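Here's the structure we're looking at; comments come further down.
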Amino acid sequence: MLKKYFSHIWLPYTQMKMAKLPFLVKKTKACNFILDNGDKYIDGISSWWSVAHGYNHPHIEKTIKKQLKKLPHIMFAGLANEPAYKLAARLVKFVKNDKDKKGQILNRVFYSDSGSTAVEVALKIVLQYFLNKGQENKTKIIAFHNSYHGDTLGGMSLSDTKNGMHAKFSKLLPKQLITKIPESKSDLDKFANFIAKNKDKSAALIIEPLIQCAGGMKFHQAEILAEIVKICKKNDILTIFDECAVGFYRTGEKFAFHHTNITPDILLIGKALTGGFLTLAATMTSEKIYKAFLANSLDKALMHGPTFMGNALACSAANASLDLFERYDYATKTANIADIFAAELTGLETSENIKEIRIKGAVAVIEFKQISWSEILIMREKLITEKIWLRPFANVLYFMPPLTIKPKELKKLIQAAKKVL
């Protein structure tokens, strides 16, 4: 059936001239998907890190069906739907960092369609924030090498435009300030000098807290993250945390920034927000930022509004997903996954071509010393023959399974990957 329609499809991150026919998935269940030929696979990357509770969770399914009968969608300007308003209030409480004794709260929620659009909204907010305050010179965003914040133009400008997949667009994108994530005290001193030098033209800093995912699954420490924020605050630079990939217990805490005692000025969430059922993202800001847009004229208002903003079906799915996160002990689920990773991957780092094994919560990364793209493609093919779904890229093979994966399934996933290695 796919072959009949394949000539009309353009696939993501794919050279279509060499593209093979994808596998047709007929059914999903728990942590598995089943192809049209009946073959069953364990999904080791949660459909791009989104399916936190596994596929077809009955509570989310039931909630969506109930909402579908009432109201699938209504425009968000001038009209309202209950799931979206209820979700906003719940998110404010859910993302609050109890370790932050200064008590900054992210209490305003702007909905959009995906992580990429949440990034674009954040960029627009921080730039207009300073325009509204009369500081028109603050137009640059600080980002980091190996970062990834989506494939839209604004998001691409925040990526590594020298070595990343968007390098060809480097001359066409807004010029941002890209630097290295500090790794030591001396690095932090250099970073502080860099910030001080550029503070007058910098509006905000954006970072994927603790794990840079699409940039190579690179980790940094919570203590470093906290120091980065402190330095930014001293220099009147806003902080944006992109937790679209690492939010919702992926790193062991509810959110990666909960490993610290700080709160960013803006938080971006998506992917697991709906449990992987429907596309939805949110840009959450502090009251301080929100108040800069209040005036007696439309000129200072945020002129932005996605057509499907606050979609009732997606917000109902997100409410149901929050029900599950609040009802069950996901911190323990993540800790158990981390323990299995540690036990099953121990010793691999002694292999000739393995540089490092990294584990953080429900994320495990095997980094290779040297590997070509053709070898990565061969590895993908061999992983498929083991009836597991993993997508190695760059120089890493990584695991980000659903948080509900059973120990037996996770061990089977890892053992099959080790066999291929």
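In the structure tokens, chains take the letters A, B, ... in the order shown, each chain's residues start at 1, and ligands count up from 1 in the order shown.
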
I need the residues of region 138-204 of chain A that end up classed as strand (DSSP E or B) by DSSP on the backbone, written out as number ranges by chain. A: 140-144, 177-179, 202-204

Within 9 Å of region 268-272 of chain A using only C-alpha atoms, minus same-chain residues under 4 positions, as an NGL selection string: :A and (48-53 or 113-115 or 118-119 or 122 or 240-248 or 276-284 or 318 or 321)

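Using only C-alpha atoms, the nearest neighbour of Leu87 (chain A) within the list A:Ser286, A:Asn56, A:Thr152, A:Ser316 is A:Ser316.
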
Neighbouring residues of region 174-184 of chain A were defined as those with any atom within 9 Å, considering only C-alpha atoms; residues of the same chain fewer than 3 positions away were excluded. Please report them as a ChimeraX atom specification. /A:139-146,153-154,157-161,170-171,187-191,194,198,202,220-221,224-225,228

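You can rank A:Pro407, A:Lys230, A:Ser186, A:Ile371 by their closest distance to Thr263 (chain A) using only C-alpha atoms, and at the top of that list sits A:Lys230.
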
Using DSSP on the backbone, list every residue of region 132-339 of chain A that comes out as alpha helix (DSSP H), and give them as a PDB file with N, CA and C atoms, in the first residue's frame.
ATOM      1  N   ASN A 132       9.563  46.926  24.292  1.00  0.00           N
ATOM      2  CA  ASN A 132       8.522  47.584  25.093  1.00  0.00           C
ATOM      3  C   ASN A 132       9.110  48.410  26.231  1.00  0.00           C
ATOM      4  N   LEU A 153      13.235  29.102  11.140  1.00  0.00           N
ATOM      5  CA  LEU A 153      14.351  30.018  10.919  1.00  0.00           C
ATOM      6  C   LEU A 153      14.949  30.540  12.223  1.00  0.00           C
ATOM      7  N   GLY A 154      14.084  30.953  13.146  1.00  0.00           N
ATOM      8  CA  GLY A 154      14.588  31.435  14.425  1.00  0.00           C
ATOM      9  C   GLY A 154      15.303  30.348  15.188  1.00  0.00           C
ATOM     10  N   GLY A 155      14.712  29.159  15.210  1.00  0.00           N
ATOM     11  CA  GLY A 155      15.315  28.027  15.900  1.00  0.00           C
ATOM     12  C   GLY A 155      16.643  27.632  15.285  1.00  0.00           C
ATOM     13  N   MET A 156      16.725  27.657  13.952  1.00  0.00           N
ATOM     14  CA  MET A 156      17.978  27.313  13.282  1.00  0.00           C
ATOM     15  C   MET A 156      19.086  28.290  13.632  1.00  0.00           C
ATOM     16  N   SER A 157      18.746  29.551  13.828  1.00  0.00           N
ATOM     17  CA  SER A 157      19.771  30.549  14.144  1.00  0.00           C
ATOM     18  C   SER A 157      20.399  30.301  15.508  1.00  0.00           C
ATOM     19  N   LYS A 185      35.285  25.701  36.516  1.00  0.00           N
ATOM     20  CA  LYS A 185      35.327  27.031  37.128  1.00  0.00           C
ATOM     21  C   LYS A 185      35.974  28.034  36.171  1.00  0.00           C
ATOM     22  N   SER A 186      37.045  27.643  35.531  1.00  0.00           N
ATOM     23  CA  SER A 186      37.706  28.555  34.590  1.00  0.00           C
ATOM     24  C   SER A 186      36.808  28.846  33.385  1.00  0.00           C
ATOM     25  N   ASP A 187      36.073  27.822  32.938  1.00  0.00           N
ATOM     26  CA  ASP A 187      35.108  28.027  31.848  1.00  0.00           C
ATOM     27  C   ASP A 187      34.020  29.007  32.264  1.00  0.00           C
ATOM     28  N   LEU A 188      33.556  28.898  33.505  1.00  0.00           N
ATOM     29  CA  LEU A 188      32.525  29.812  33.999  1.00  0.00           C
ATOM     30  C   LEU A 188      33.038  31.242  34.047  1.00  0.00           C
ATOM     31  N   ASP A 189      34.302  31.411  34.411  1.00  0.00           N
ATOM     32  CA  ASP A 189      34.897  32.757  34.425  1.00  0.00           C
ATOM     33  C   ASP A 189      34.937  33.335  33.016  1.00  0.00           C
ATOM     34  N   LYS A 190      35.311  32.502  32.051  1.00  0.00           N
ATOM     35  CA  LYS A 190      35.333  32.952  30.656  1.00  0.00           C
ATOM     36  C   LYS A 190      33.921  33.282  30.174  1.00  0.00           C
ATOM     37  N   PHE A 191      32.961  32.427  30.587  1.00  0.00           N
ATOM     38  CA  PHE A 191      31.573  32.659  30.201  1.00  0.00           C
ATOM     39  C   PHE A 191      31.059  33.973  30.794  1.00  0.00           C
ATOM     40  N   ALA A 192      31.391  34.236  32.051  1.00  0.00           N
ATOM     41  CA  ALA A 192      30.970  35.475  32.710  1.00  0.00           C
ATOM     42  C   ALA A 192      31.542  36.692  31.980  1.00  0.00           C
ATOM     43  N   ASN A 193      32.773  36.585  31.527  1.00  0.00           N
ATOM     44  CA  ASN A 193      33.385  37.686  30.764  1.00  0.00           C
ATOM     45  C   ASN A 193      32.685  37.867  29.422  1.00  0.00           C
ATOM     46  N   PHE A 194      32.348  36.748  28.796  1.00  0.00           N
ATOM     47  CA  PHE A 194      31.633  36.786  27.512  1.00  0.00           C
ATOM     48  C   PHE A 194      30.277  37.479  27.678  1.00  0.00           C
ATOM     49  N   ILE A 195      29.578  37.131  28.754  1.00  0.00           N
ATOM     50  CA  ILE A 195      28.266  37.736  29.022  1.00  0.00           C
ATOM     51  C   ILE A 195      28.400  39.229  29.300  1.00  0.00           C
ATOM     52  N   ALA A 196      29.352  39.589  30.135  1.00  0.00           N
ATOM     53  CA  ALA A 196      29.559  40.997  30.474  1.00  0.00           C
ATOM     54  C   ALA A 196      29.882  41.822  29.228  1.00  0.00           C
ATOM     55  N   LYS A 197      30.656  41.226  28.331  1.00  0.00           N
ATOM     56  CA  LYS A 197      31.043  41.917  27.102  1.00  0.00           C
ATOM     57  C   LYS A 197      29.847  42.146  26.180  1.00  0.00           C
ATOM     58  N   ASN A 198      28.884  41.212  26.200  1.00  0.00           N
ATOM     59  CA  ASN A 198      27.764  41.269  25.244  1.00  0.00           C
ATOM     60  C   ASN A 198      26.412  41.625  25.880  1.00  0.00           C
ATOM     61  N   ALA A 222      24.092  20.161  36.684  1.00  0.00           N
ATOM     62  CA  ALA A 222      23.084  21.071  37.240  1.00  0.00           C
ATOM     63  C   ALA A 222      23.734  22.291  37.877  1.00  0.00           C
ATOM     64  N   GLU A 223      24.895  22.099  38.502  1.00  0.00           N
ATOM     65  CA  GLU A 223      25.594  23.221  39.142  1.00  0.00           C
ATOM     66  C   GLU A 223      26.030  24.260  38.099  1.00  0.00           C
ATOM     67  N   ILE A 224      26.447  23.775  36.941  1.00  0.00           N
ATOM     68  CA  ILE A 224      26.832  24.671  35.844  1.00  0.00           C
ATOM     69  C   ILE A 224      25.614  25.438  35.349  1.00  0.00           C
ATOM     70  N   LEU A 225      24.507  24.731  35.196  1.00  0.00           N
ATOM     71  CA  LEU A 225      23.262  25.350  34.735  1.00  0.00           C
ATOM     72  C   LEU A 225      22.839  26.482  35.670  1.00  0.00           C
ATOM     73  N   ALA A 226      22.900  26.236  36.966  1.00  0.00           N
ATOM     74  CA  ALA A 226      22.512  27.254  37.951  1.00  0.00           C
ATOM     75  C   ALA A 226      23.419  28.470  37.860  1.00  0.00           C
ATOM     76  N   GLU A 227      24.719  28.252  37.682  1.00  0.00           N
ATOM     77  CA  GLU A 227      25.662  29.373  37.586  1.00  0.00           C
ATOM     78  C   GLU A 227      25.413  30.192  36.319  1.00  0.00           C
ATOM     79  N   ILE A 228      25.068  29.516  35.233  1.00  0.00           N
ATOM     80  CA  ILE A 228      24.758  30.220  33.983  1.00  0.00           C
ATOM     81  C   ILE A 228      23.608  31.192  34.202  1.00  0.00           C
ATOM     82  N   VAL A 229      22.575  30.727  34.887  1.00  0.00           N
ATOM     83  CA  VAL A 229      21.407  31.571  35.142  1.00  0.00           C
ATOM     84  C   VAL A 229      21.778  32.749  36.042  1.00  0.00           C
ATOM     85  N   LYS A 230      22.549  32.505  37.068  1.00  0.00           N
ATOM     86  CA  LYS A 230      22.952  33.582  37.982  1.00  0.00           C
ATOM     87  C   LYS A 230      23.731  34.666  37.252  1.00  0.00           C
ATOM     88  N   ILE A 231      24.626  34.249  36.380  1.00  0.00           N
ATOM     89  CA  ILE A 231      25.416  35.208  35.604  1.00  0.00           C
ATOM     90  C   ILE A 231      24.513  36.032  34.694  1.00  0.00           C
ATOM     91  N   CYS A 232      23.542  35.379  34.058  1.00  0.00           N
ATOM     92  CA  CYS A 232      22.603  36.092  33.179  1.00  0.00           C
ATOM     93  C   CYS A 232      21.773  37.107  33.956  1.00  0.00           C
ATOM     94  N   LYS A 233      21.296  36.716  35.119  1.00  0.00           N
ATOM     95  CA  LYS A 233      20.468  37.616  35.931  1.00  0.00           C
ATOM     96  C   LYS A 233      21.241  38.871  36.332  1.00  0.00           C
ATOM     97  N   LYS A 234      22.512  38.699  36.660  1.00  0.00           N
ATOM     98  CA  LYS A 234      23.354  39.843  37.045  1.00  0.00           C
ATOM     99  C   LYS A 234      23.522  40.839  35.905  1.00  0.00           C
ATOM    100  N   GLU A 287       5.572  36.531  35.535  1.00  0.00           N
ATOM    101  CA  GLU A 287       4.677  37.698  35.544  1.00  0.00           C
ATOM    102  C   GLU A 287       5.438  38.958  35.147  1.00  0.00           C
ATOM    103  N   LYS A 288       6.717  39.033  35.508  1.00  0.00           N
ATOM    104  CA  LYS A 288       7.534  40.206  35.169  1.00  0.00           C
ATOM    105  C   LYS A 288       7.556  40.419  33.660  1.00  0.00           C
ATOM    106  N   ILE A 289       7.735  39.338  32.917  1.00  0.00           N
ATOM    107  CA  ILE A 289       7.757  39.451  31.455  1.00  0.00           C
ATOM    108  C   ILE A 289       6.376  39.802  30.928  1.00  0.00           C
ATOM    109  N   TYR A 290       5.376  39.134  31.433  1.00  0.00           N
ATOM    110  CA  TYR A 290       4.003  39.365  30.981  1.00  0.00           C
ATOM    111  C   TYR A 290       3.588  40.831  31.160  1.00  0.00           C
ATOM    112  N   LYS A 291       3.951  41.439  32.278  1.00  0.00           N
ATOM    113  CA  LYS A 291       3.523  42.815  32.571  1.00  0.00           C
ATOM    114  C   LYS A 291       4.129  43.836  31.615  1.00  0.00           C
ATOM    115  N   ALA A 312      -8.614  22.110  21.798  1.00  0.00           N
ATOM    116  CA  ALA A 312      -9.317  21.441  22.899  1.00  0.00           C
ATOM    117  C   ALA A 312      -8.942  19.964  23.022  1.00  0.00           C
ATOM    118  N   LEU A 313      -8.798  19.279  21.886  1.00  0.00           N
ATOM    119  CA  LEU A 313      -8.436  17.861  21.938  1.00  0.00           C
ATOM    120  C   LEU A 313      -7.025  17.675  22.505  1.00  0.00           C
ATOM    121  N   ALA A 314      -6.088  18.484  22.016  1.00  0.00           N
ATOM    122  CA  ALA A 314      -4.712  18.379  22.486  1.00  0.00           C
ATOM    123  C   ALA A 314      -4.616  18.732  23.965  1.00  0.00           C
ATOM    124  N   CYS A 315      -5.337  19.760  24.388  1.00  0.00           N
ATOM    125  CA  CYS A 315      -5.295  20.162  25.800  1.00  0.00           C
ATOM    126  C   CYS A 315      -5.963  19.123  26.697  1.00  0.00           C
ATOM    127  N   SER A 316      -6.973  18.454  26.181  1.00  0.00           N
ATOM    128  CA  SER A 316      -7.598  17.381  26.973  1.00  0.00           C
ATOM    129  C   SER A 316      -6.623  16.223  27.131  1.00  0.00           C
ATOM    130  N   ALA A 317      -5.858  15.934  26.080  1.00  0.00           N
ATOM    131  CA  ALA A 317      -4.832  14.890  26.170  1.00  0.00           C
ATOM    132  C   ALA A 317      -3.763  15.276  27.185  1.00  0.00           C
ATOM    133  N   ALA A 318      -3.377  16.544  27.180  1.00  0.00           N
ATOM    134  CA  ALA A 318      -2.363  17.020  28.128  1.00  0.00           C
ATOM    135  C   ALA A 318      -2.872  16.956  29.562  1.00  0.00           C
ATOM    136  N   ASN A 319      -4.130  17.291  29.768  1.00  0.00           N
ATOM    137  CA  ASN A 319      -4.709  17.172  31.116  1.00  0.00           C
ATOM    138  C   ASN A 319      -4.699  15.725  31.591  1.00  0.00           C
ATOM    139  N   ALA A 320      -5.017  14.815  30.680  1.00  0.00           N
ATOM    140  CA  ALA A 320      -5.006  13.395  31.037  1.00  0.00           C
ATOM    141  C   ALA A 320      -3.582  12.905  31.315  1.00  0.00           C
ATOM    142  N   SER A 321      -2.624  13.421  30.539  1.00  0.00           N
ATOM    143  CA  SER A 321      -1.230  13.068  30.767  1.00  0.00           C
ATOM    144  C   SER A 321      -0.765  13.560  32.137  1.00  0.00           C
ATOM    145  N   LEU A 322      -1.159  14.782  32.503  1.00  0.00           N
ATOM    146  CA  LEU A 322      -0.826  15.305  33.836  1.00  0.00           C
ATOM    147  C   LEU A 322      -1.471  14.463  34.931  1.00  0.00           C
ATOM    148  N   ASP A 323      -2.686  13.987  34.685  1.00  0.00           N
ATOM    149  CA  ASP A 323      -3.335  13.082  35.657  1.00  0.00           C
ATOM    150  C   ASP A 323      -2.405  11.919  35.991  1.00  0.00           C
ATOM    151  N   LEU A 324      -1.814  11.332  34.948  1.00  0.00           N
ATOM    152  CA  LEU A 324      -0.955  10.164  35.133  1.00  0.00           C
ATOM    153  C   LEU A 324       0.340  10.536  35.852  1.00  0.00           C
ATOM    154  N   PHE A 325       0.931  11.671  35.466  1.00  0.00           N
ATOM    155  CA  PHE A 325       2.156  12.110  36.127  1.00  0.00           C
ATOM    156  C   PHE A 325       1.918  12.388  37.612  1.00  0.00           C
ATOM    157  N   GLU A 326       0.724  12.877  37.933  1.00  0.00           N
ATOM    158  CA  GLU A 326       0.402  13.200  39.332  1.00  0.00           C
ATOM    159  C   GLU A 326      -0.055  11.968  40.119  1.00  0.00           C
ATOM    160  N   ARG A 327      -0.608  11.003  39.424  1.00  0.00           N
ATOM    161  CA  ARG A 327      -1.194   9.827  40.082  1.00  0.00           C
ATOM    162  C   ARG A 327      -0.140   8.768  40.408  1.00  0.00           C
ATOM    163  N   TYR A 330       6.457   8.627  38.974  1.00  0.00           N
ATOM    164  CA  TYR A 330       7.322   8.595  37.799  1.00  0.00           C
ATOM    165  C   TYR A 330       8.785   8.824  38.159  1.00  0.00           C
ATOM    166  N   ALA A 331       9.038   9.448  39.274  1.00  0.00           N
ATOM    167  CA  ALA A 331      10.428   9.616  39.710  1.00  0.00           C
ATOM    168  C   ALA A 331      11.065   8.251  39.968  1.00  0.00           C
ATOM    169  N   THR A 332      10.308   7.358  40.595  1.00  0.00           N
ATOM    170  CA  THR A 332      10.814   6.005  40.851  1.00  0.00           C
ATOM    171  C   THR A 332      10.929   5.213  39.559  1.00  0.00           C
ATOM    172  N   LYS A 333       9.953   5.371  38.656  1.00  0.00           N
ATOM    173  CA  LYS A 333      10.030   4.691  37.358  1.00  0.00           C
ATOM    174  C   LYS A 333      11.327   5.073  36.637  1.00  0.00           C
ATOM    175  N   THR A 334      11.629   6.374  36.646  1.00  0.00           N
ATOM    176  CA  THR A 334      12.836   6.852  35.966  1.00  0.00           C
ATOM    177  C   THR A 334      14.091   6.335  36.650  1.00  0.00           C
ATOM    178  N   ALA A 335      14.095   6.335  37.971  1.00  0.00           N
ATOM    179  CA  ALA A 335      15.251   5.833  38.723  1.00  0.00           C
ATOM    180  C   ALA A 335      15.497   4.357  38.424  1.00  0.00           C
ATOM    181  N   ASN A 336      14.423   3.574  38.306  1.00  0.00           N
ATOM    182  CA  ASN A 336      14.558   2.148  37.985  1.00  0.00           C
ATOM    183  C   ASN A 336      15.145   1.940  36.586  1.00  0.00           C
ATOM    184  N   ILE A 337      14.723   2.788  35.645  1.00  0.00           N
ATOM    185  CA  ILE A 337      15.269   2.710  34.288  1.00  0.00           C
ATOM    186  C   ILE A 337      16.761   3.024  34.314  1.00  0.00           C
ATOM    187  N   ALA A 338      17.135   4.058  35.074  1.00  0.00           N
ATOM    188  CA  ALA A 338      18.546   4.441  35.189  1.00  0.00           C
ATOM    189  C   ALA A 338      19.378   3.305  35.776  1.00  0.00           C
ATOM    190  N   ASP A 339      18.825   2.628  36.775  1.00  0.00           N
ATOM    191  CA  ASP A 339      19.539   1.499  37.404  1.00  0.00           C
ATOM    192  C   ASP A 339      19.782   0.373  36.406  1.00  0.00           C
TER     193      ASP A 339
END

12 Å contact set for region 9-18 of chain A, only C-alpha atoms, chain neighbours under 6 positions out, as a list of chain:residue names: A:Leu2, A:Lys3, A:Asp151, A:Met165, A:His166, A:Leu377, A:Phe393
